[in-house]
file query_3.cif (mmCIF, C-alpha atoms)
data_model
loop_
_atom_site.label_atom_id
_atom_site.label_comp_id
_atom_site.auth_asym_id
_atom_site.auth_seq_id
_atom_site.Cartn_x
_atom_site.Cartn_y
_atom_site.Cartn_z
CA MET C 8 -3.47 59.00 -0.91
CA LYS C 9 -4.65 55.62 -2.17
CA THR C 10 -3.64 54.62 -5.69
CA ILE C 11 -6.00 55.90 -8.37
CA SER C 12 -6.51 53.69 -11.44
CA PHE C 13 -8.07 54.21 -14.83
CA ASP C 14 -8.46 52.25 -18.05
CA ILE C 15 -7.41 53.21 -21.53
CA ARG C 16 -8.39 51.70 -24.86
CA THR C 17 -5.55 51.54 -27.38
CA PRO C 18 -6.39 51.57 -31.09
CA SER C 19 -3.56 49.65 -32.75
CA ARG C 20 -0.57 47.38 -32.13
CA ASN C 21 1.80 50.31 -31.62
CA SER C 22 0.29 53.56 -30.39
CA PHE C 23 1.04 56.49 -28.12
CA MET C 24 -1.97 57.69 -26.14
CA ASP C 25 -1.75 61.11 -24.50
CA ILE C 26 -2.76 60.70 -20.83
CA THR C 27 -1.66 64.13 -19.60
CA ASP C 28 -5.22 65.41 -19.13
CA PRO C 29 -6.46 62.56 -16.90
CA LEU C 30 -3.30 62.92 -14.79
CA GLN C 31 -3.81 66.67 -14.40
CA SER C 32 -7.46 66.04 -13.52
CA ILE C 33 -6.46 63.76 -10.64
CA LEU C 34 -4.31 66.50 -9.14
CA ARG C 35 -7.15 69.00 -9.46
CA GLU C 36 -9.86 66.73 -8.06
CA LYS C 37 -7.75 65.67 -5.09
CA GLY C 38 -6.54 69.19 -4.35
CA CYS C 39 -2.87 68.21 -4.55
CA LYS C 40 -0.39 71.07 -4.24
CA SER C 41 3.22 69.88 -4.48
CA GLY C 42 4.84 66.47 -4.69
CA ILE C 43 5.66 63.47 -6.84
CA MET C 44 3.31 61.40 -8.99
CA THR C 45 4.36 57.89 -10.01
CA VAL C 46 2.52 56.60 -13.09
CA PHE C 47 2.67 52.82 -13.50
CA THR C 48 1.16 50.35 -15.94
CA PRO C 49 0.79 46.71 -14.82
CA HIS C 50 1.49 45.23 -18.27
CA THR C 51 4.64 43.69 -19.74
CA THR C 52 4.10 44.85 -23.32
CA ALA C 53 3.52 48.57 -22.73
CA GLY C 54 5.23 51.55 -21.11
CA ILE C 55 4.78 55.09 -19.81
CA THR C 56 6.83 57.78 -21.53
CA ILE C 57 7.10 61.48 -22.30
CA ASN C 58 7.47 62.96 -25.75
CA GLU C 59 6.41 65.78 -28.01
CA ASN C 60 2.74 66.72 -28.17
CA ALA C 61 2.85 69.07 -31.17
CA ASP C 62 3.81 67.37 -34.44
CA PRO C 63 2.18 63.94 -35.02
CA ASP C 64 5.10 63.12 -37.31
CA VAL C 65 7.24 62.65 -34.19
CA GLN C 66 5.07 59.70 -33.16
CA HIS C 67 5.25 58.30 -36.66
CA ASP C 68 9.03 58.44 -36.59
CA LEU C 69 9.27 56.93 -33.09
CA LYS C 70 7.11 53.98 -34.12
CA TYR C 71 8.87 53.56 -37.46
CA LYS C 72 12.37 53.54 -36.00
CA LEU C 73 11.47 51.34 -33.02
CA SER C 74 9.90 48.76 -35.30
CA GLU C 75 12.93 48.80 -37.55
CA MET C 76 15.32 48.35 -34.62
CA ILE C 77 13.19 45.67 -32.96
CA PRO C 78 11.15 43.83 -35.61
CA LYS C 79 8.00 41.98 -34.66
CA ASP C 80 9.19 38.69 -36.14
CA GLU C 81 12.67 37.20 -36.03
CA ALA C 82 13.73 33.62 -36.71
CA ALA C 83 15.60 33.40 -33.40
CA TYR C 84 12.63 34.41 -31.18
CA ARG C 85 11.33 31.47 -29.12
CA HIS C 86 8.37 33.04 -27.29
CA ASN C 87 5.33 31.80 -29.17
CA GLU C 88 2.95 34.73 -28.67
CA GLY C 89 4.48 36.85 -31.43
CA ASN C 90 5.20 39.76 -29.09
CA SER C 91 8.84 39.39 -28.08
CA ASP C 92 9.45 42.82 -29.60
CA SER C 93 6.73 44.27 -27.38
CA HIS C 94 8.37 42.87 -24.24
CA LEU C 95 11.71 44.42 -25.12
CA LYS C 96 10.16 47.79 -25.95
CA SER C 97 8.37 47.70 -22.59
CA SER C 98 11.64 47.27 -20.67
CA LEU C 99 13.34 49.98 -22.75
CA PHE C 100 10.54 52.52 -22.21
CA SER C 101 9.78 51.34 -18.64
CA PRO C 102 6.29 50.80 -17.20
CA SER C 103 7.00 53.39 -14.48
CA LEU C 104 7.50 57.16 -14.70
CA SER C 105 7.85 59.65 -11.85
CA LEU C 106 6.65 63.21 -12.40
CA ILE C 107 6.98 66.38 -10.35
CA TYR C 108 4.00 68.66 -9.66
CA GLU C 109 3.90 72.15 -8.17
CA ASN C 110 0.97 74.50 -7.53
CA GLY C 111 -1.36 71.66 -8.41
CA ARG C 112 0.07 71.18 -11.93
CA LEU C 113 2.46 68.69 -13.49
CA LEU C 114 5.82 70.34 -14.08
CA LEU C 115 6.09 69.57 -17.81
CA GLY C 116 7.84 71.40 -20.61
CA ILE C 117 5.73 73.26 -23.13
CA TRP C 118 6.16 70.49 -25.73
CA GLN C 119 5.91 67.57 -23.32
CA ALA C 120 2.97 65.22 -22.91
CA VAL C 121 2.78 61.97 -20.92
CA TYR C 122 1.99 58.98 -23.12
CA PHE C 123 0.77 55.47 -22.58
CA ALA C 124 3.02 53.56 -25.01
CA GLU C 125 1.17 50.55 -26.40
CA PHE C 126 3.38 47.90 -28.00
CA ASP C 127 0.93 45.01 -28.34
CA GLY C 128 -2.53 46.45 -28.91
CA PRO C 129 -5.29 47.03 -29.54
CA ARG C 130 -6.25 46.29 -25.93
CA THR C 131 -7.87 47.76 -22.85
CA ARG C 132 -5.06 48.70 -20.50
CA LYS C 133 -4.79 49.83 -16.90
CA VAL C 134 -2.85 52.79 -15.49
CA HIS C 135 -2.10 53.23 -11.76
CA VAL C 136 -1.29 56.63 -10.29
CA LYS C 137 0.29 57.14 -6.87
CA ILE C 138 0.65 60.63 -5.46
CA ILE C 139 3.09 61.49 -2.68
CA GLU C 140 2.18 64.95 -1.44
CA ASP C 141 5.19 66.72 -0.01
CA ASN C 142 4.30 67.64 3.56
CA ASN C 143 7.41 69.77 3.89
CA SER C 144 6.47 72.21 1.12
CA MET X 26 10.35 71.34 -0.40
CA LYS X 27 9.60 73.38 -3.50
CA THR X 28 11.15 72.25 -6.77
CA ILE X 29 14.66 73.60 -7.33
CA SER X 30 15.68 74.35 -10.93
CA PHE X 31 18.95 75.10 -12.63
CA ASP X 32 20.19 75.64 -16.17
CA ILE X 33 22.91 73.82 -18.01
CA ARG X 34 24.71 74.72 -21.23
CA THR X 35 25.43 71.75 -23.48
CA PRO X 36 28.40 71.96 -25.86
CA SER X 37 27.44 69.73 -28.79
CA ARG X 38 24.60 67.84 -30.44
CA ASN X 39 25.20 64.71 -28.35
CA SER X 40 26.82 65.18 -24.96
CA PHE X 41 26.71 63.84 -21.43
CA MET X 42 27.07 66.53 -18.77
CA ASP X 43 27.90 65.41 -15.23
CA ILE X 44 25.37 67.04 -12.88
CA THR X 45 26.23 65.05 -9.75
CA ASP X 46 27.88 67.98 -7.97
CA PRO X 47 24.98 70.45 -8.30
CA LEU X 48 22.61 67.72 -7.08
CA GLN X 49 24.78 66.98 -4.04
CA SER X 50 25.01 70.72 -3.36
CA ILE X 51 21.24 71.01 -3.18
CA LEU X 52 21.09 68.31 -0.51
CA ARG X 53 23.83 70.03 1.49
CA GLU X 54 22.37 73.53 1.21
CA LYS X 55 18.88 72.39 2.15
CA GLY X 56 20.08 70.19 5.00
CA CYS X 57 18.35 67.09 3.62
CA LYS X 58 19.02 63.87 5.51
CA SER X 59 17.25 60.88 3.96
CA GLY X 60 14.76 60.51 1.15
CA ILE X 61 14.18 60.43 -2.60
CA MET X 62 15.27 62.99 -5.19
CA THR X 63 13.50 63.06 -8.56
CA VAL X 64 15.54 64.73 -11.32
CA PHE X 65 13.48 65.81 -14.33
CA THR X 66 14.23 67.68 -17.54
CA PRO X 67 11.33 69.44 -19.33
CA HIS X 68 12.67 68.77 -22.84
CA THR X 69 11.70 66.14 -25.42
CA THR X 70 15.15 65.69 -26.95
CA ALA X 71 17.18 65.06 -23.79
CA GLY X 72 17.26 62.72 -20.82
CA ILE X 73 18.65 62.11 -17.32
CA THR X 74 20.80 59.02 -16.86
CA ILE X 75 23.52 57.40 -14.79
CA ASN X 76 26.76 56.02 -16.14
CA GLU X 77 30.47 55.70 -15.49
CA ASN X 78 32.43 58.78 -14.38
CA ALA X 79 35.96 57.42 -14.77
CA ASP X 80 36.94 56.59 -18.35
CA PRO X 81 35.82 59.18 -20.97
CA ASP X 82 35.95 56.41 -23.57
CA VAL X 83 32.71 55.06 -22.09
CA GLN X 84 30.92 58.24 -23.16
CA HIS X 85 32.50 58.01 -26.59
CA ASP X 86 31.22 54.46 -27.00
CA LEU X 87 27.73 55.31 -25.72
CA LYS X 88 27.42 58.15 -28.23
CA TYR X 89 28.93 56.14 -31.05
CA LYS X 90 26.69 53.12 -30.61
CA LEU X 91 23.52 55.17 -30.01
CA SER X 92 24.11 57.15 -33.20
CA GLU X 93 24.71 53.98 -35.14
CA MET X 94 21.51 52.36 -33.80
CA ILE X 95 19.44 55.51 -34.28
CA PRO X 96 20.91 57.61 -37.11
CA LYS X 97 20.18 61.32 -37.32
CA ASP X 98 18.82 61.10 -40.86
CA GLU X 99 16.63 58.40 -42.35
CA ALA X 100 14.59 58.54 -45.53
CA ALA X 101 11.44 57.39 -43.71
CA TYR X 102 11.49 60.13 -41.04
CA ARG X 103 8.66 62.66 -41.56
CA HIS X 104 9.32 65.15 -38.74
CA ASN X 105 10.98 68.08 -40.46
CA GLU X 106 13.21 69.37 -37.67
CA GLY X 107 15.95 66.82 -38.27
CA ASN X 108 15.81 65.52 -34.69
CA SER X 109 13.61 62.42 -34.82
CA ASP X 110 16.58 60.45 -33.50
CA SER X 111 16.81 62.83 -30.52
CA HIS X 112 13.14 62.27 -29.64
CA LEU X 113 13.56 58.49 -29.62
CA LYS X 114 16.76 58.66 -27.53
CA SER X 115 14.90 60.88 -25.05
CA SER X 116 12.15 58.28 -24.54
CA LEU X 117 14.70 55.47 -24.28
CA PHE X 118 16.83 57.27 -21.67
CA SER X 119 13.82 58.94 -19.95
CA PRO X 120 13.65 62.58 -18.86
CA SER X 121 13.04 61.44 -15.25
CA LEU X 122 15.33 59.67 -12.77
CA SER X 123 14.69 58.93 -9.09
CA LEU X 124 17.66 58.76 -6.74
CA ILE X 125 18.02 57.69 -3.10
CA TYR X 126 19.93 59.79 -0.57
CA GLU X 127 21.04 58.91 2.98
CA ASN X 128 23.00 60.93 5.54
CA GLY X 129 22.72 63.92 3.24
CA ARG X 130 24.46 62.23 0.28
CA LEU X 131 23.21 60.61 -2.93
CA LEU X 132 23.50 56.84 -2.65
CA LEU X 133 25.60 56.27 -5.77
CA GLY X 134 28.11 53.59 -6.63
CA ILE X 135 31.77 54.55 -6.70
CA TRP X 136 31.80 54.69 -10.53
CA GLN X 137 28.38 56.28 -10.94
CA ALA X 138 27.66 59.87 -11.92
CA VAL X 139 24.33 61.45 -12.86
CA TYR X 140 24.34 62.86 -16.37
CA PHE X 141 22.24 65.28 -18.34
CA ALA X 142 22.03 63.48 -21.69
CA GLU X 143 21.84 66.00 -24.51
CA PHE X 144 20.61 64.62 -27.84
CA ASP X 145 19.93 67.83 -29.79
CA GLY X 146 22.40 70.45 -28.62
CA PRO X 147 24.13 72.70 -28.23
CA ARG X 148 21.44 74.42 -26.14
CA THR X 149 20.70 75.89 -22.75
CA ARG X 150 18.61 73.31 -20.89
CA LYS X 151 16.63 73.22 -17.67
CA VAL X 152 16.76 70.63 -14.89
CA HIS X 153 14.11 70.36 -12.13
CA VAL X 154 14.85 68.67 -8.81
CA LYS X 155 12.18 67.57 -6.35
CA ILE X 156 13.19 66.27 -2.95
CA ILE X 157 10.89 64.15 -0.81
CA GLU X 158 12.44 64.00 2.64
CA ASP X 159 11.44 60.82 4.45
CA ASN X 160 9.75 61.91 7.66
CA ASN X 161 9.77 58.34 8.95
CA SER X 162 13.55 57.97 8.93
CA MET Y 27 12.79 54.39 6.73
CA LYS Y 28 16.51 53.94 6.18
CA THR Y 29 17.61 52.36 2.91
CA ILE Y 30 17.64 48.58 2.97
CA SER Y 31 20.32 46.81 0.89
CA PHE Y 32 20.88 43.26 -0.21
CA ASP Y 33 23.32 41.39 -2.43
CA ILE Y 34 22.57 39.21 -5.41
CA ARG Y 35 24.82 36.74 -7.20
CA THR Y 36 24.37 36.72 -10.98
CA PRO Y 37 25.19 33.53 -12.90
CA SER Y 38 26.26 34.73 -16.35
CA ARG Y 39 27.25 37.76 -18.42
CA ASN Y 40 23.64 38.60 -19.31
CA SER Y 41 20.95 37.44 -16.91
CA PHE Y 42 17.64 38.53 -15.44
CA MET Y 43 17.27 37.69 -11.74
CA ASP Y 44 13.76 37.86 -10.26
CA ILE Y 45 13.95 40.00 -7.10
CA THR Y 46 10.20 40.38 -6.52
CA ASP Y 47 10.15 38.12 -3.45
CA PRO Y 48 12.89 39.93 -1.48
CA LEU Y 49 11.17 43.24 -2.26
CA GLN Y 50 7.80 41.94 -1.04
CA SER Y 51 9.50 40.56 2.09
CA ILE Y 52 10.85 44.00 2.97
CA LEU Y 53 7.34 45.46 2.88
CA ARG Y 54 6.04 42.64 5.07
CA GLU Y 55 8.85 42.76 7.61
CA LYS Y 56 8.68 46.54 7.95
CA GLY Y 57 4.88 46.61 8.13
CA CYS Y 58 4.56 49.04 5.23
CA LYS Y 59 1.03 49.82 4.11
CA SER Y 60 0.94 52.24 1.17
CA GLY Y 61 3.56 54.23 -0.65
CA ILE Y 62 6.38 54.22 -3.17
CA MET Y 63 9.43 51.93 -3.26
CA THR Y 64 12.48 53.03 -5.25
CA VAL Y 65 14.78 50.16 -6.23
CA PHE Y 66 18.29 51.23 -7.21
CA THR Y 67 21.47 49.42 -8.17
CA PRO Y 68 24.82 51.24 -7.70
CA HIS Y 69 26.45 49.68 -10.78
CA THR Y 70 27.02 51.09 -14.28
CA THR Y 71 26.67 47.79 -16.15
CA ALA Y 72 23.33 46.60 -14.76
CA GLY Y 73 19.74 47.78 -14.42
CA ILE Y 74 16.41 47.24 -12.67
CA THR Y 75 13.47 46.36 -14.89
CA ILE Y 76 10.06 44.70 -15.04
CA ASN Y 77 9.09 41.96 -17.44
CA GLU Y 78 7.16 38.72 -17.79
CA ASN Y 79 7.58 36.05 -15.11
CA ALA Y 80 5.82 33.17 -16.87
CA ASP Y 81 7.55 32.00 -20.06
CA PRO Y 82 11.37 31.75 -19.83
CA ASP Y 83 11.48 32.17 -23.60
CA VAL Y 84 10.71 35.87 -23.07
CA GLN Y 85 14.03 36.28 -21.26
CA HIS Y 86 15.81 34.38 -23.99
CA ASP Y 87 14.37 36.69 -26.63
CA LEU Y 88 15.15 39.85 -24.64
CA LYS Y 89 18.78 38.79 -24.26
CA TYR Y 90 19.07 37.63 -27.85
CA LYS Y 91 17.69 40.81 -29.38
CA LEU Y 92 19.58 43.14 -27.03
CA SER Y 93 22.87 41.43 -27.87
CA GLU Y 94 22.11 41.65 -31.56
CA MET Y 95 21.27 45.37 -31.34
CA ILE Y 96 24.24 46.15 -29.10
CA PRO Y 97 27.04 43.64 -29.74
CA LYS Y 98 29.69 43.02 -27.10
CA ASP Y 99 32.55 43.82 -29.48
CA GLU Y 100 32.73 46.53 -32.12
CA ALA Y 101 35.79 47.89 -33.88
CA ALA Y 102 34.86 51.48 -32.99
CA TYR Y 103 34.61 50.91 -29.22
CA ARG Y 104 37.49 52.59 -27.34
CA HIS Y 105 36.77 51.56 -23.73
CA ASN Y 106 39.23 48.77 -23.05
CA GLU Y 107 37.24 46.70 -20.55
CA GLY Y 108 35.16 44.94 -23.20
CA ASN Y 109 31.87 46.06 -21.67
CA SER Y 110 30.83 49.12 -23.64
CA ASP Y 111 27.66 47.24 -24.59
CA SER Y 112 26.91 46.68 -20.88
CA HIS Y 113 27.19 50.41 -20.14
CA LEU Y 114 24.73 51.29 -22.90
CA LYS Y 115 22.25 48.61 -21.83
CA SER Y 116 22.46 49.96 -18.27
CA SER Y 117 21.45 53.47 -19.36
CA LEU Y 118 18.67 52.11 -21.58
CA PHE Y 119 17.18 49.91 -18.83
CA SER Y 120 18.01 52.40 -16.02
CA PRO Y 121 19.49 51.49 -12.63
CA SER Y 122 16.43 52.99 -10.89
CA LEU Y 123 12.80 51.85 -10.81
CA SER Y 124 9.94 53.27 -8.74
CA LEU Y 125 7.13 50.92 -7.70
CA ILE Y 126 3.77 51.51 -6.05
CA TYR Y 127 2.58 49.42 -3.09
CA GLU Y 128 -0.85 49.24 -1.48
CA ASN Y 129 -2.12 47.12 1.43
CA GLY Y 130 1.44 46.02 2.05
CA ARG Y 131 1.92 44.53 -1.43
CA LEU Y 132 3.64 45.73 -4.60
CA LEU Y 133 1.07 46.78 -7.16
CA LEU Y 134 2.23 44.55 -10.02
CA GLY Y 135 0.33 43.00 -12.90
CA ILE Y 136 -0.27 39.27 -12.81
CA TRP Y 137 2.52 38.60 -15.31
CA GLN Y 138 4.96 41.18 -13.93
CA ALA Y 139 8.09 40.47 -11.92
CA VAL Y 140 10.87 42.89 -10.95
CA TYR Y 141 14.24 41.84 -12.33
CA PHE Y 142 17.83 42.68 -11.63
CA ALA Y 143 19.20 42.96 -15.18
CA GLU Y 144 22.83 41.86 -15.28
CA PHE Y 145 24.78 42.96 -18.35
CA ASP Y 146 28.36 42.20 -17.28
CA GLY Y 147 28.29 39.19 -14.96
CA PRO Y 148 28.79 36.87 -13.34
CA ARG Y 149 29.26 39.12 -10.30
CA THR Y 150 27.99 39.83 -6.82
CA ARG Y 151 25.80 42.92 -7.08
CA LYS Y 152 24.11 45.27 -4.65
CA VAL Y 153 20.51 46.47 -4.61
CA HIS Y 154 19.29 49.44 -2.54
CA VAL Y 155 15.63 49.85 -1.59
CA LYS Y 156 14.12 53.08 -0.31
CA ILE Y 157 10.54 53.11 0.93
CA ILE Y 158 8.50 56.30 1.20
CA GLU Y 159 5.41 55.45 3.22
CA ASP Y 160 2.51 57.73 2.33
CA ASN Y 161 1.47 59.43 5.55
CA ASN Y 162 -1.63 60.83 3.88
CA SER Y 163 -3.16 57.45 3.05
#

call {"tool": "encode", "arguments": {"input": "query_3.cif", "output": "structure tokens"}}
result
Amino acid sequence: MKTISFDIRTPSRNSFMDITDPLQSILREKGCKSGIMTVFTPHTTAGITINENADPDVQHDLKYKLSEMIPKDEAAYRHNEGNSDSHLKSSLFSPSLSLIYENGRLLLGIWQAVYFAEFDGPRTRKVHVKIIEDNNS
Amino acid sequence: MKTISFDIRTPSRNSFMDITDPLQSILREKGCKSGIMTVFTPHTTAGITINENADPDVQHDLKYKLSEMIPKDEAAYRHNEGNSDSHLKSSLFSPSLSLIYENGRLLLGIWQAVYFAEFDGPRTRKVHVKIIEDNNS
Amino acid sequence: MKTISFDIRTPSRNSFMDITDPLQSILREKGCKSGIMTVFTPHTTAGITINENADPDVQHDLKYKLSEMIPKDEAAYRHNEGNSDSHLKSSLFSPSLSLIYENGRLLLGIWQAVYFAEFDGPRTRKVHVKIIEDNNS
């Protein structure tokens, strides 16, 4: 079916926003049964990832360690928008993620959630969702 | 077709397990000709990746450098399970990988193998495989 | 449709080659309307990524910071081809990227381009493209 898009408002420069519920809702509303869902963000300073949904300390540690590995400011950076770190994090996390769904539900582990990974917020961001229903199922 | 799942036993905290053969076997057993295979692991401290299958020193160097970049223990980590590094490696490697197959075989380079990347083993882990056969081929 | 392949010549050890135009051309020539395109490179020292297409300083900063995080030479590396860094960058960037297209065009943000990420050039490299047209659109 045609790509479905929605917006998300991110609260800070680095943040992980759980978008599992809106993705599940799309499957339910469209009556999808079995297939692949590609989640894509059209921005060069953000990504789509999966990580733990239980302990918020995991997100703290992800952000802490990422920022230590890839600092916001470095003398050798030439790009003058102050977000060279955000561009690198975007390529490392990837703006695209392909998920499996069965019986109308994303096939995720019990601790997994899908996150919009913001690396240069706060901003309003766009997410595109493309569903390929498997006609052979 | 319906998602196919299999288990894998990982031998150590950080390990790369070659899963190319079981993936090829699925294509053969199901008689798949041409399409896309999405390989997904439902864990937040592991990933699916591709790397060299020839020289075992490559795996040594990958594990060495990753552990140096992202140490297991850091004073600033708050998550109390001792695997914050594993969570970050999982997001960087991604738990999802999409492969192309033609003529019933994965389209891989001569040196490429598909690996289950364990970052918090040893454990028994699950791998999900979704095949979208291309009806237009 | 059958996988489409093309070659690319990379100019230096680390380089980002914009391959957006050849990908768009494939959609146009094949008359594709709506679906998913998986771009895959069969090499273990390269990747496929998305980043900014406007300011060349972004590429400079990506290459600078990556090389600082993952140096070419380290005493602990065992692989004797001098490209252990390239193998790690390949897994971090991923050799596979799935894109959405609608109305015959890749659904990219205004600043996004698709790049072949070379980490061990200069070389002649191969890119495979698999298109799954969405028959339900």

call {"tool": "residues_around", "arguments": {"input": "query_3.cif", "residues": "Met95 (chain Y)", "least_positions_apart": "2", "cutoff": "8 Å", "atoms": "all atoms listed in the file", "output": "JSON, numbers by chain"}}
result
{"C": [76], "X": [94], "Y": [91, 92, 93, 97]}

call {"tool": "resolve_selection", "arguments": {"input": "query_3.cif", "expression": "the PyMOL selection byres ((chain C and resi 106-114) around 9)", "output": "short mmCIF file (atom, residue, chain, number, x, y, z; two decimals) with C-alpha atoms, keeping the file's coordinate frame"}}
result
data_model
loop_
_atom_site.label_atom_id
_atom_site.label_comp_id
_atom_site.auth_asym_id
_atom_site.auth_seq_id
_atom_site.Cartn_x
_atom_site.Cartn_y
_atom_site.Cartn_z
CA THR C 27 -1.66 64.13 -19.60
CA LEU C 30 -3.30 62.92 -14.79
CA GLN C 31 -3.81 66.67 -14.40
CA LEU C 34 -4.31 66.50 -9.14
CA ARG C 35 -7.15 69.00 -9.46
CA GLY C 38 -6.54 69.19 -4.35
CA CYS C 39 -2.87 68.21 -4.55
CA LYS C 40 -0.39 71.07 -4.24
CA SER C 41 3.22 69.88 -4.48
CA GLY C 42 4.84 66.47 -4.69
CA ILE C 43 5.66 63.47 -6.84
CA MET C 44 3.31 61.40 -8.99
CA THR C 45 4.36 57.89 -10.01
CA VAL C 46 2.52 56.60 -13.09
CA LEU C 104 7.50 57.16 -14.70
CA SER C 105 7.85 59.65 -11.85
CA LEU C 115 6.09 69.57 -17.81
CA GLY C 116 7.84 71.40 -20.61
CA LYS X 27 9.60 73.38 -3.50
CA THR X 28 11.15 72.25 -6.77
CA THR X 63 13.50 63.06 -8.56
CA VAL X 64 15.54 64.73 -11.32
CA PHE X 65 13.48 65.81 -14.33
CA PRO X 67 11.33 69.44 -19.33
CA SER X 121 13.04 61.44 -15.25
CA HIS X 153 14.11 70.36 -12.13
CA VAL X 154 14.85 68.67 -8.81
CA LYS X 155 12.18 67.57 -6.35
#

call {"tool": "calpha_fit_rmsd", "arguments": {"input": "query_3.cif", "fixed": "chain Y", "moving": "chain X"}}
result
0.0 Å

call {"tool": "atom_distance", "arguments": {"input": "query_3.cif", "atom1": "CA of Ser116 (chain X)", "atom2": "CA of Tyr140 (chain X)"}}
result
15.4 Å

call {"tool": "resolve_selection", "arguments": {"input": "query_3.cif", "expression": "the PyMOL selection byres ((chain Y and resi 137) around 10)", "output": "short mmCIF file (atom, residue, chain, number, x, y, z; two decimals) with C-alpha atoms, keeping the file's coordinate frame"}}
result
data_model
loop_
_atom_site.label_atom_id
_atom_site.label_comp_id
_atom_site.auth_asym_id
_atom_site.auth_seq_id
_atom_site.Cartn_x
_atom_site.Cartn_y
_atom_site.Cartn_z
CA PRO C 49 0.79 46.71 -14.82
CA HIS C 50 1.49 45.23 -18.27
CA THR C 51 4.64 43.69 -19.74
CA ILE Y 76 10.06 44.70 -15.04
CA ASN Y 77 9.09 41.96 -17.44
CA GLU Y 78 7.16 38.72 -17.79
CA ASN Y 79 7.58 36.05 -15.11
CA ALA Y 80 5.82 33.17 -16.87
CA ASP Y 81 7.55 32.00 -20.06
CA LEU Y 134 2.23 44.55 -10.02
CA GLY Y 135 0.33 43.00 -12.90
CA ILE Y 136 -0.27 39.27 -12.81
CA GLN Y 138 4.96 41.18 -13.93
CA ALA Y 139 8.09 40.47 -11.92
#

call {"tool": "atom_distance", "arguments": {"input": "query_3.cif", "atom1": "CA of Ser110 (chain Y)", "atom2": "CA of Lys98 (chain Y)"}}
result
7.1 Å

call {"tool": "closest_residue", "arguments": {"input": "query_3.cif", "among": "C:Lys70, C:His86, C:Arg16, C:Lys37", "to": "Phe126 (chain C)", "atoms": "only C-alpha atoms"}}
result
C:Lys70

call {"tool": "atom_distance", "arguments": {"input": "query_3.cif", "atom1": "CA of Ser30 (chain X)", "atom2": "CA of Lys151 (chain X)"}}
result
6.9 Å

call {"tool": "resolve_selection", "arguments": {"input": "query_3.cif", "expression": "the PyMOL selection byres ((chain C and resi 19-22) around 9)", "output": "JSON, numbers by chain"}}
result
{"C": [17, 18, 23, 24, 66, 70, 93, 123, 124, 125, 126, 127, 128, 129, 130]}

call {"tool": "axis_aligned_box", "arguments": {"input": "query_3.cif", "around": "region 87-90 of chain Y", "padding_each_side": "3 Å", "output": "lines of an AutoDock Vina configuration file"}}
result
center_x = 16.7
center_y = 38.3
center_z = -26.1
size_x = 10.7
size_y = 9.2
size_z = 9.6

call {"tool": "closest_residue", "arguments": {"input": "query_3.cif", "among": "Y:Leu88, Y:Asn106, Y:Met27, Y:Asp83", "to": "chain X", "atoms": "all atoms listed in the file"}}
result
Y:Met27

call {"tool": "closest_residue", "arguments": {"input": "query_3.cif", "among": "X:Asn161, X:Thr66, X:Ser50, X:Asn108", "to": "chain Y", "atoms": "all atoms listed in the file"}}
result
X:Asn161

call {"tool": "closest_residue", "arguments": {"input": "query_3.cif", "among": "Y:Glu107, Y:Asp87, Y:Glu94, Y:Glu159", "to": "chain C", "atoms": "all atoms listed in the file"}}
result
Y:Asp87

call {"tool": "closest_residue", "arguments": {"input": "query_3.cif", "among": "X:Asn160, X:Ala71, X:Gly107, X:Ile44", "to": "chain Y", "atoms": "only C-alpha atoms"}}
result
X:Asn160
